[in-house]
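File shown: target-v1.cif. Contents: mmCIF, N, CA and C atoms; chains and numbers go by the auth columns.
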data_my_file
loop_
_atom_site.group_PDB
_atom_site.id
_atom_site.type_symbol
_atom_site.label_atom_id
_atom_site.label_comp_id
_atom_site.label_asym_id
_atom_site.label_seq_id
_atom_site.Cartn_x
_atom_site.Cartn_y
_atom_site.Cartn_z
_atom_site.B_iso_or_equiv
_atom_site.auth_seq_id
_atom_site.auth_asym_id
ATOM 1 N N MET A 1 49.266 -67.386 14.053 0.00 24 D
ATOM 2 C CA MET A 1 49.486 -66.095 14.670 0.00 24 D
ATOM 3 C C MET A 1 49.907 -65.102 13.592 0.00 24 D
ATOM 4 N N SER A 2 49.259 -63.947 13.592 0.00 25 D
ATOM 5 C CA SER A 2 49.599 -62.942 12.592 0.00 25 D
ATOM 6 C C SER A 2 50.912 -62.273 12.953 0.00 25 D
ATOM 7 N N LYS A 3 51.484 -61.601 11.990 0.00 26 D
ATOM 8 C CA LYS A 3 52.783 -60.958 12.242 0.00 26 D
ATOM 9 C C LYS A 3 52.666 -59.806 13.239 0.00 26 D
ATOM 10 N N ASN A 4 51.443 -59.300 13.462 0.00 27 D
ATOM 11 C CA ASN A 4 51.237 -58.206 14.411 0.00 27 D
ATOM 12 C C ASN A 4 50.930 -58.699 15.823 0.00 27 D
ATOM 13 N N THR A 5 50.875 -60.004 16.016 0.00 28 D
ATOM 14 C CA THR A 5 50.559 -60.583 17.316 0.00 28 D
ATOM 15 C C THR A 5 51.838 -61.031 18.001 0.00 28 D
ATOM 16 N N LYS A 6 51.903 -60.767 19.290 0.00 29 D
ATOM 17 C CA LYS A 6 53.074 -61.162 20.062 0.00 29 D
ATOM 18 C C LYS A 6 52.595 -61.978 21.249 0.00 29 D
ATOM 19 N N GLU A 7 53.305 -63.050 21.548 0.00 30 D
ATOM 20 C CA GLU A 7 52.977 -63.856 22.721 0.00 30 D
ATOM 21 C C GLU A 7 53.617 -63.216 23.946 0.00 30 D
ATOM 22 N N TYR A 8 52.944 -63.346 25.065 0.00 31 D
ATOM 23 C CA TYR A 8 53.435 -62.773 26.303 0.00 31 D
ATOM 24 C C TYR A 8 53.689 -63.878 27.311 0.00 31 D
ATOM 25 N N ASP A 9 54.745 -63.733 28.058 0.00 32 D
ATOM 26 C CA ASP A 9 55.104 -64.678 29.110 0.00 32 D
ATOM 27 C C ASP A 9 54.178 -64.412 30.305 0.00 32 D
ATOM 28 N N ALA A 10 53.284 -65.350 30.590 0.00 33 D
ATOM 29 C CA ALA A 10 52.297 -65.176 31.661 0.00 33 D
ATOM 30 C C ALA A 10 52.966 -64.965 33.014 0.00 33 D
ATOM 31 N N LYS A 11 54.067 -65.666 33.259 0.00 34 D
ATOM 32 C CA LYS A 11 54.762 -65.525 34.544 0.00 34 D
ATOM 33 C C LYS A 11 55.310 -64.106 34.706 0.00 34 D
ATOM 34 N N LYS A 12 55.933 -63.576 33.656 0.00 35 D
ATOM 35 C CA LYS A 12 56.482 -62.224 33.732 0.00 35 D
ATOM 36 C C LYS A 12 55.362 -61.195 33.886 0.00 35 D
ATOM 37 N N LEU A 13 54.249 -61.435 33.224 0.00 36 D
ATOM 38 C CA LEU A 13 53.114 -60.536 33.335 0.00 36 D
ATOM 39 C C LEU A 13 52.570 -60.538 34.765 0.00 36 D
ATOM 40 N N ASP A 14 52.506 -61.710 35.389 0.00 37 D
ATOM 41 C CA ASP A 14 52.060 -61.801 36.780 0.00 37 D
ATOM 42 C C ASP A 14 53.047 -61.131 37.730 0.00 37 D
ATOM 43 N N GLU A 15 54.350 -61.276 37.457 0.00 38 D
ATOM 44 C CA GLU A 15 55.359 -60.611 38.285 0.00 38 D
ATOM 45 C C GLU A 15 55.209 -59.094 38.183 0.00 38 D
ATOM 46 N N LEU A 16 54.963 -58.603 36.985 0.00 39 D
ATOM 47 C CA LEU A 16 54.767 -57.173 36.782 0.00 39 D
ATOM 48 C C LEU A 16 53.514 -56.706 37.517 0.00 39 D
ATOM 49 N N ARG A 17 52.442 -57.491 37.435 0.00 40 D
ATOM 50 C CA ARG A 17 51.206 -57.157 38.133 0.00 40 D
ATOM 51 C C ARG A 17 51.461 -57.048 39.641 0.00 40 D
ATOM 52 N N CYS A 18 52.210 -57.993 40.191 0.00 41 D
ATOM 53 C CA CYS A 18 52.533 -57.966 41.627 0.00 41 D
ATOM 54 C C CYS A 18 53.328 -56.722 42.004 0.00 41 D
ATOM 55 N N LYS A 19 54.299 -56.359 41.188 0.00 42 D
ATOM 56 C CA LYS A 19 55.102 -55.156 41.462 0.00 42 D
ATOM 57 C C LYS A 19 54.231 -53.908 41.446 0.00 42 D
ATOM 58 N N ILE A 20 53.321 -53.829 40.485 0.00 43 D
ATOM 59 C CA ILE A 20 52.440 -52.664 40.387 0.00 43 D
ATOM 60 C C ILE A 20 51.504 -52.618 41.591 0.00 43 D
ATOM 61 N N GLU A 21 50.981 -53.772 42.011 0.00 44 D
ATOM 62 C CA GLU A 21 50.108 -53.818 43.185 0.00 44 D
ATOM 63 C C GLU A 21 50.860 -53.390 44.444 0.00 44 D
ATOM 64 N N GLU A 22 52.119 -53.791 44.573 0.00 45 D
ATOM 65 C CA GLU A 22 52.932 -53.370 45.718 0.00 45 D
ATOM 66 C C GLU A 22 53.134 -51.852 45.700 0.00 45 D
ATOM 67 N N LYS A 23 53.412 -51.328 44.516 0.00 46 D
ATOM 68 C CA LYS A 23 53.601 -49.885 44.379 0.00 46 D
ATOM 69 C C LYS A 23 52.307 -49.153 44.725 0.00 46 D
ATOM 70 N N GLU A 24 51.183 -49.698 44.283 0.00 47 D
ATOM 71 C CA GLU A 24 49.896 -49.076 44.568 0.00 47 D
ATOM 72 C C GLU A 24 49.610 -49.064 46.067 0.00 47 D
ATOM 73 N N GLU A 25 49.946 -50.145 46.760 0.00 48 D
ATOM 74 C CA GLU A 25 49.749 -50.220 48.207 0.00 48 D
ATOM 75 C C GLU A 25 50.610 -49.188 48.932 0.00 48 D
ATOM 76 N N LEU A 26 51.860 -49.042 48.503 0.00 49 D
ATOM 77 C CA LEU A 26 52.742 -48.031 49.088 0.00 49 D
ATOM 78 C C LEU A 26 52.174 -46.631 48.852 0.00 49 D
ATOM 79 N N LEU A 27 51.687 -46.397 47.642 0.00 50 D
ATOM 80 C CA LEU A 27 51.098 -45.088 47.335 0.00 50 D
ATOM 81 C C LEU A 27 49.878 -44.830 48.216 0.00 50 D
ATOM 82 N N PHE A 28 49.077 -45.859 48.452 0.00 51 D
ATOM 83 C CA PHE A 28 47.908 -45.708 49.308 0.00 51 D
ATOM 84 C C PHE A 28 48.319 -45.230 50.699 0.00 51 D
ATOM 85 N N LYS A 29 49.383 -45.819 51.238 0.00 52 D
ATOM 86 C CA LYS A 29 49.873 -45.409 52.561 0.00 52 D
ATOM 87 C C LYS A 29 50.374 -43.965 52.535 0.00 52 D
ATOM 88 N N GLN A 30 51.089 -43.615 51.458 0.00 53 D
ATOM 89 C CA GLN A 30 51.606 -42.244 51.349 0.00 53 D
ATOM 90 C C GLN A 30 50.471 -41.237 51.158 0.00 53 D
ATOM 91 N N ILE A 31 49.431 -41.653 50.449 0.00 54 D
ATOM 92 C CA ILE A 31 48.264 -40.784 50.260 0.00 54 D
ATOM 93 C C ILE A 31 47.589 -40.525 51.604 0.00 54 D
ATOM 94 N N SER A 32 47.457 -41.569 52.401 0.00 55 D
ATOM 95 C CA SER A 32 46.848 -41.417 53.725 0.00 55 D
ATOM 96 C C SER A 32 47.641 -40.439 54.577 0.00 55 D
ATOM 97 N N LYS A 33 48.957 -40.533 54.516 0.00 56 D
ATOM 98 C CA LYS A 33 49.816 -39.622 55.280 0.00 56 D
ATOM 99 C C LYS A 33 49.666 -38.188 54.788 0.00 56 D
ATOM 100 N N ALA A 34 49.644 -38.008 53.461 0.00 57 D
ATOM 101 C CA ALA A 34 49.484 -36.667 52.899 0.00 57 D
ATOM 102 C C ALA A 34 48.144 -36.063 53.321 0.00 57 D
ATOM 103 N N LEU A 35 47.096 -36.879 53.339 0.00 58 D
ATOM 104 C CA LEU A 35 45.789 -36.394 53.794 0.00 58 D
ATOM 105 C C LEU A 35 45.843 -35.989 55.262 0.00 58 D
ATOM 106 N N ALA A 36 46.472 -36.827 56.076 0.00 59 D
ATOM 107 C CA ALA A 36 46.580 -36.538 57.508 0.00 59 D
ATOM 108 C C ALA A 36 47.383 -35.260 57.760 0.00 59 D
ATOM 109 N N ASP A 37 48.381 -35.036 56.909 0.00 60 D
ATOM 110 C CA ASP A 37 49.228 -33.844 57.063 0.00 60 D
ATOM 111 C C ASP A 37 48.618 -32.606 56.410 0.00 60 D
ATOM 112 N N GLY A 38 47.526 -32.791 55.665 0.00 61 D
ATOM 113 C CA GLY A 38 46.904 -31.660 54.972 0.00 61 D
ATOM 114 C C GLY A 38 47.719 -31.167 53.790 0.00 61 D
ATOM 115 N N ASP A 39 48.544 -32.020 53.224 0.00 62 D
ATOM 116 C CA ASP A 39 49.410 -31.652 52.100 0.00 62 D
ATOM 117 C C ASP A 39 48.702 -31.958 50.775 0.00 62 D
ATOM 118 N N ASP A 40 47.923 -30.996 50.306 0.00 63 D
ATOM 119 C CA ASP A 40 47.121 -31.195 49.095 0.00 63 D
ATOM 120 C C ASP A 40 47.967 -31.409 47.847 0.00 63 D
ATOM 121 N N THR A 41 49.086 -30.724 47.752 0.00 64 D
ATOM 122 C CA THR A 41 49.950 -30.863 46.579 0.00 64 D
ATOM 123 C C THR A 41 50.494 -32.289 46.481 0.00 64 D
ATOM 124 N N MET A 42 50.993 -32.800 47.589 0.00 65 D
ATOM 125 C CA MET A 42 51.516 -34.165 47.602 0.00 65 D
ATOM 126 C C MET A 42 50.388 -35.163 47.367 0.00 65 D
ATOM 127 N N TYR A 43 49.244 -34.933 47.991 0.00 66 D
ATOM 128 C CA TYR A 43 48.097 -35.823 47.803 0.00 66 D
ATOM 129 C C TYR A 43 47.740 -35.922 46.318 0.00 66 D
ATOM 130 N N ASN A 44 47.632 -34.787 45.652 0.00 67 D
ATOM 131 C CA ASN A 44 47.265 -34.789 44.224 0.00 67 D
ATOM 132 C C ASN A 44 48.304 -35.520 43.380 0.00 67 D
ATOM 133 N N HIS A 45 49.558 -35.305 43.684 0.00 68 D
ATOM 134 C CA HIS A 45 50.633 -35.984 42.947 0.00 68 D
ATOM 135 C C HIS A 45 50.560 -37.497 43.151 0.00 68 D
ATOM 136 N N LEU A 46 50.420 -37.917 44.394 0.00 69 D
ATOM 137 C CA LEU A 46 50.357 -39.344 44.706 0.00 69 D
ATOM 138 C C LEU A 46 49.100 -39.989 44.125 0.00 69 D
ATOM 139 N N LYS A 47 47.997 -39.262 44.160 0.00 70 D
ATOM 140 C CA LYS A 47 46.747 -39.794 43.628 0.00 70 D
ATOM 141 C C LYS A 47 46.877 -40.034 42.120 0.00 70 D
ATOM 142 N N GLN A 48 47.549 -39.140 41.412 0.00 71 D
ATOM 143 C CA GLN A 48 47.780 -39.340 39.980 0.00 71 D
ATOM 144 C C GLN A 48 48.623 -40.583 39.727 0.00 71 D
ATOM 145 N N MET A 49 49.615 -40.798 40.564 0.00 72 D
ATOM 146 C CA MET A 49 50.456 -41.986 40.434 0.00 72 D
ATOM 147 C C MET A 49 49.638 -43.254 40.709 0.00 72 D
ATOM 148 N N GLN A 50 48.755 -43.191 41.705 0.00 73 D
ATOM 149 C CA GLN A 50 47.911 -44.334 42.024 0.00 73 D
ATOM 150 C C GLN A 50 46.954 -44.637 40.858 0.00 73 D
ATOM 151 N N LEU A 51 46.416 -43.605 40.247 0.00 74 D
ATOM 152 C CA LEU A 51 45.535 -43.798 39.092 0.00 74 D
ATOM 153 C C LEU A 51 46.293 -44.424 37.927 0.00 74 D
ATOM 154 N N GLN A 52 47.561 -44.065 37.772 0.00 75 D
ATOM 155 C CA GLN A 52 48.387 -44.679 36.732 0.00 75 D
ATOM 156 C C GLN A 52 48.566 -46.167 37.009 0.00 75 D
ATOM 157 N N CYS A 53 48.772 -46.528 38.270 0.00 76 D
ATOM 158 C CA CYS A 53 48.889 -47.946 38.634 0.00 76 D
ATOM 159 C C CYS A 53 47.617 -48.693 38.257 0.00 76 D
ATOM 160 N N LYS A 54 46.472 -48.110 38.552 0.00 77 D
ATOM 161 C CA LYS A 54 45.202 -48.750 38.217 0.00 77 D
ATOM 162 C C LYS A 54 45.078 -48.949 36.703 0.00 77 D
ATOM 163 N N ALA A 55 45.508 -47.959 35.926 0.00 78 D
ATOM 164 C CA ALA A 55 45.462 -48.074 34.468 0.00 78 D
ATOM 165 C C ALA A 55 46.394 -49.185 33.986 0.00 78 D
ATOM 166 N N GLU A 56 47.571 -49.289 34.588 0.00 79 D
ATOM 167 C CA GLU A 56 48.517 -50.339 34.215 0.00 79 D
ATOM 168 C C GLU A 56 47.948 -51.719 34.543 0.00 79 D
ATOM 169 N N LEU A 57 47.277 -51.840 35.688 0.00 80 D
ATOM 170 C CA LEU A 57 46.664 -53.119 36.057 0.00 80 D
ATOM 171 C C LEU A 57 45.526 -53.483 35.094 0.00 80 D
ATOM 172 N N ARG A 58 44.752 -52.484 34.672 0.00 81 D
ATOM 173 C CA ARG A 58 43.699 -52.749 33.683 0.00 81 D
ATOM 174 C C ARG A 58 44.301 -53.211 32.358 0.00 81 D
ATOM 175 N N LEU A 59 45.413 -52.608 31.965 0.00 82 D
ATOM 176 C CA LEU A 59 46.072 -53.006 30.725 0.00 82 D
ATOM 177 C C LEU A 59 46.566 -54.445 30.810 0.00 82 D
ATOM 178 N N ILE A 60 47.146 -54.820 31.936 0.00 83 D
ATOM 179 C CA ILE A 60 47.619 -56.198 32.118 0.00 83 D
ATOM 180 C C ILE A 60 46.453 -57.170 31.992 0.00 83 D
ATOM 181 N N GLU A 61 45.327 -56.845 32.628 0.00 84 D
ATOM 182 C CA GLU A 61 44.157 -57.732 32.525 0.00 84 D
ATOM 183 C C GLU A 61 43.672 -57.826 31.086 0.00 84 D
ATOM 184 N N HIS A 62 43.715 -56.716 30.384 0.00 85 D
ATOM 185 C CA HIS A 62 43.299 -56.708 28.978 0.00 85 D
ATOM 186 C C HIS A 62 44.219 -57.609 28.141 0.00 85 D
ATOM 187 N N ILE A 63 45.499 -57.547 28.388 0.00 86 D
ATOM 188 C CA ILE A 63 46.461 -58.398 27.678 0.00 86 D
ATOM 189 C C ILE A 63 46.193 -59.863 28.010 0.00 86 D
ATOM 190 N N LYS A 64 45.973 -60.155 29.305 0.00 87 D
ATOM 191 C CA LYS A 64 45.730 -61.538 29.720 0.00 87 D
ATOM 192 C C LYS A 64 44.436 -62.093 29.128 0.00 87 D
ATOM 193 N N ASN A 65 43.477 -61.216 28.851 0.00 88 D
ATOM 194 C CA ASN A 65 42.202 -61.637 28.282 0.00 88 D
ATOM 195 C C ASN A 65 42.237 -61.694 26.758 0.00 88 D
ATOM 196 N N GLY A 66 43.414 -61.619 26.195 0.00 89 D
ATOM 197 C CA GLY A 66 43.562 -61.754 24.754 0.00 89 D
ATOM 198 C C GLY A 66 43.230 -60.509 23.959 0.00 89 D
ATOM 199 N N MET A 67 43.236 -59.356 24.638 0.00 90 D
ATOM 200 C CA MET A 67 42.974 -58.077 23.982 0.00 90 D
ATOM 201 C C MET A 67 41.597 -58.067 23.323 0.00 90 D
ATOM 202 N N ILE A 68 40.646 -58.734 23.963 0.00 91 D
ATOM 203 C CA ILE A 68 39.282 -58.818 23.429 0.00 91 D
ATOM 204 C C ILE A 68 38.436 -57.713 24.055 0.00 91 D
ATOM 205 N N GLY A 69 37.662 -57.052 23.223 0.00 92 D
ATOM 206 C CA GLY A 69 36.770 -56.013 23.696 0.00 92 D
ATOM 207 C C GLY A 69 37.418 -54.639 23.642 0.00 92 D
ATOM 208 N N GLU A 70 36.608 -53.652 23.986 0.00 93 D
ATOM 209 C CA GLU A 70 37.091 -52.268 23.972 0.00 93 D
ATOM 210 C C GLU A 70 38.007 -52.045 25.160 0.00 93 D
ATOM 211 N N PHE A 71 38.984 -51.189 24.966 0.00 94 D
ATOM 212 C CA PHE A 71 39.903 -50.883 26.036 0.00 94 D
ATOM 213 C C PHE A 71 40.438 -49.489 25.868 0.00 94 D
ATOM 214 N N PHE A 72 40.534 -48.770 26.964 0.00 95 D
ATOM 215 C CA PHE A 72 41.176 -47.460 26.941 0.00 95 D
ATOM 216 C C PHE A 72 41.818 -47.209 28.291 0.00 95 D
ATOM 217 N N ILE A 73 42.869 -46.430 28.283 0.00 96 D
ATOM 218 C CA ILE A 73 43.556 -46.068 29.518 0.00 96 D
ATOM 219 C C ILE A 73 43.253 -44.611 29.776 0.00 96 D
ATOM 220 N N CYS A 74 42.716 -44.362 30.955 0.00 97 D
ATOM 221 C CA CYS A 74 42.477 -42.961 31.344 0.00 97 D
ATOM 222 C C CYS A 74 42.508 -42.852 32.837 0.00 97 D
#

So, in terms of structure tokens, how does the structure I just supplied come out?
Amino acid sequence: MSKNTKEYDAKKLDELRCKIEEKEELLFKQISKALADGDDTMYNHLKQMQLQCKAELRLIEHIKNGMIGEFFIC
């Protein structure tokens, strides 16, 4: 292992993934409510947070796959 490589605890990574998925599910419910209420400002804010969750989940998968291949967060 090179000095720039760090090992990751798979269990902790899975726990983090679960927490992010729970947060994403809650955001989905809040987004639905904002849409029903016609609250565009809240919808846009929540949607940005949901997109951040998706980016975090992609990063976790990239880490679990050994950081192989191209990767970007957007």

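You will find atom N of Tyr66 (chain D) at 7.2 Å from atom C of Gln53 (chain D).
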
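With all atoms listed in the file as the atoms that count, the minimum distance from Glu48 (chain D) to the choices D:His68, D:Gln73, D:His85, D:Leu36 is reached by D:Gln73.
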
Mind pulling up the distance from atom C of Ala57 (chain D) to CA of Leu39 (chain D)? 27.6 Å

Quick check, in Å to one decimal: how far apart do CA of Lys35 (chain D) and atom C of Leu82 (chain D) lie? 12.9 Å

Using DSSP secondary structure from the backbone, list all alpha helix (DSSP H) positions within chain D, as a count of residues only. 53

Taking the file as I've supplied it (selection: the PyMOL selection byres (((chain D and resi 31 and name CA) around 12) and name CA)), which residues are included? Please answer as number ranges by chain. D: 28-30, 32-37, 39, 83, 86-90

Kindly export the residues of the current selection with N, CA and C atoms, as a PDB file, in the coordinates of the input.
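And here's again_28.pdb as it stands now:
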ATOM      1  N   THR D  28      50.875 -60.004  16.016  1.00  0.00           N
ATOM      2  CA  THR D  28      50.559 -60.583  17.316  1.00  0.00           C
ATOM      3  C   THR D  28      51.838 -61.031  18.001  1.00  0.00           C
ATOM      4  N   LYS D  29      51.903 -60.767  19.290  1.00  0.00           N
ATOM      5  CA  LYS D  29      53.074 -61.162  20.062  1.00  0.00           C
ATOM      6  C   LYS D  29      52.595 -61.978  21.249  1.00  0.00           C
ATOM      7  N   GLU D  30      53.305 -63.050  21.548  1.00  0.00           N
ATOM      8  CA  GLU D  30      52.977 -63.856  22.721  1.00  0.00           C
ATOM      9  C   GLU D  30      53.617 -63.216  23.946  1.00  0.00           C
ATOM     10  N   ASP D  32      54.745 -63.733  28.058  1.00  0.00           N
ATOM     11  CA  ASP D  32      55.104 -64.678  29.110  1.00  0.00           C
ATOM     12  C   ASP D  32      54.178 -64.412  30.305  1.00  0.00           C
ATOM     13  N   ALA D  33      53.284 -65.350  30.590  1.00  0.00           N
ATOM     14  CA  ALA D  33      52.297 -65.176  31.661  1.00  0.00           C
ATOM     15  C   ALA D  33      52.966 -64.965  33.014  1.00  0.00           C
ATOM     16  N   LYS D  34      54.067 -65.666  33.259  1.00  0.00           N
ATOM     17  CA  LYS D  34      54.762 -65.525  34.544  1.00  0.00           C
ATOM     18  C   LYS D  34      55.310 -64.106  34.706  1.00  0.00           C
ATOM     19  N   LYS D  35      55.933 -63.576  33.656  1.00  0.00           N
ATOM     20  CA  LYS D  35      56.482 -62.224  33.732  1.00  0.00           C
ATOM     21  C   LYS D  35      55.362 -61.195  33.886  1.00  0.00           C
ATOM     22  N   LEU D  36      54.249 -61.435  33.224  1.00  0.00           N
ATOM     23  CA  LEU D  36      53.114 -60.536  33.335  1.00  0.00           C
ATOM     24  C   LEU D  36      52.570 -60.538  34.765  1.00  0.00           C
ATOM     25  N   ASP D  37      52.506 -61.710  35.389  1.00  0.00           N
ATOM     26  CA  ASP D  37      52.060 -61.801  36.780  1.00  0.00           C
ATOM     27  C   ASP D  37      53.047 -61.131  37.730  1.00  0.00           C
ATOM     28  N   LEU D  39      54.963 -58.603  36.985  1.00  0.00           N
ATOM     29  CA  LEU D  39      54.767 -57.173  36.782  1.00  0.00           C
ATOM     30  C   LEU D  39      53.514 -56.706  37.517  1.00  0.00           C
ATOM     31  N   ILE D  83      47.146 -54.820  31.936  1.00  0.00           N
ATOM     32  CA  ILE D  83      47.619 -56.198  32.118  1.00  0.00           C
ATOM     33  C   ILE D  83      46.453 -57.170  31.992  1.00  0.00           C
ATOM     34  N   ILE D  86      45.499 -57.547  28.388  1.00  0.00           N
ATOM     35  CA  ILE D  86      46.461 -58.398  27.678  1.00  0.00           C
ATOM     36  C   ILE D  86      46.193 -59.863  28.010  1.00  0.00           C
ATOM     37  N   LYS D  87      45.973 -60.155  29.305  1.00  0.00           N
ATOM     38  CA  LYS D  87      45.730 -61.538  29.720  1.00  0.00           C
ATOM     39  C   LYS D  87      44.436 -62.093  29.128  1.00  0.00           C
ATOM     40  N   ASN D  88      43.477 -61.216  28.851  1.00  0.00           N
ATOM     41  CA  ASN D  88      42.202 -61.637  28.282  1.00  0.00           C
ATOM     42  C   ASN D  88      42.237 -61.694  26.758  1.00  0.00           C
ATOM     43  N   GLY D  89      43.414 -61.619  26.195  1.00  0.00           N
ATOM     44  CA  GLY D  89      43.562 -61.754  24.754  1.00  0.00           C
ATOM     45  C   GLY D  89      43.230 -60.509  23.959  1.00  0.00           C
ATOM     46  N   MET D  90      43.236 -59.356  24.638  1.00  0.00           N
ATOM     47  CA  MET D  90      42.974 -58.077  23.982  1.00  0.00           C
ATOM     48  C   MET D  90      41.597 -58.067  23.323  1.00  0.00           C
TER      49      MET D  90
END

Let me make sure I understand: among D:Glu93, D:Cys76, D:Glu84, D:Gly61, which one has the smallest atom-to-atom distance to Leu49 (chain D) if we use only C-alpha atoms? D:Cys76
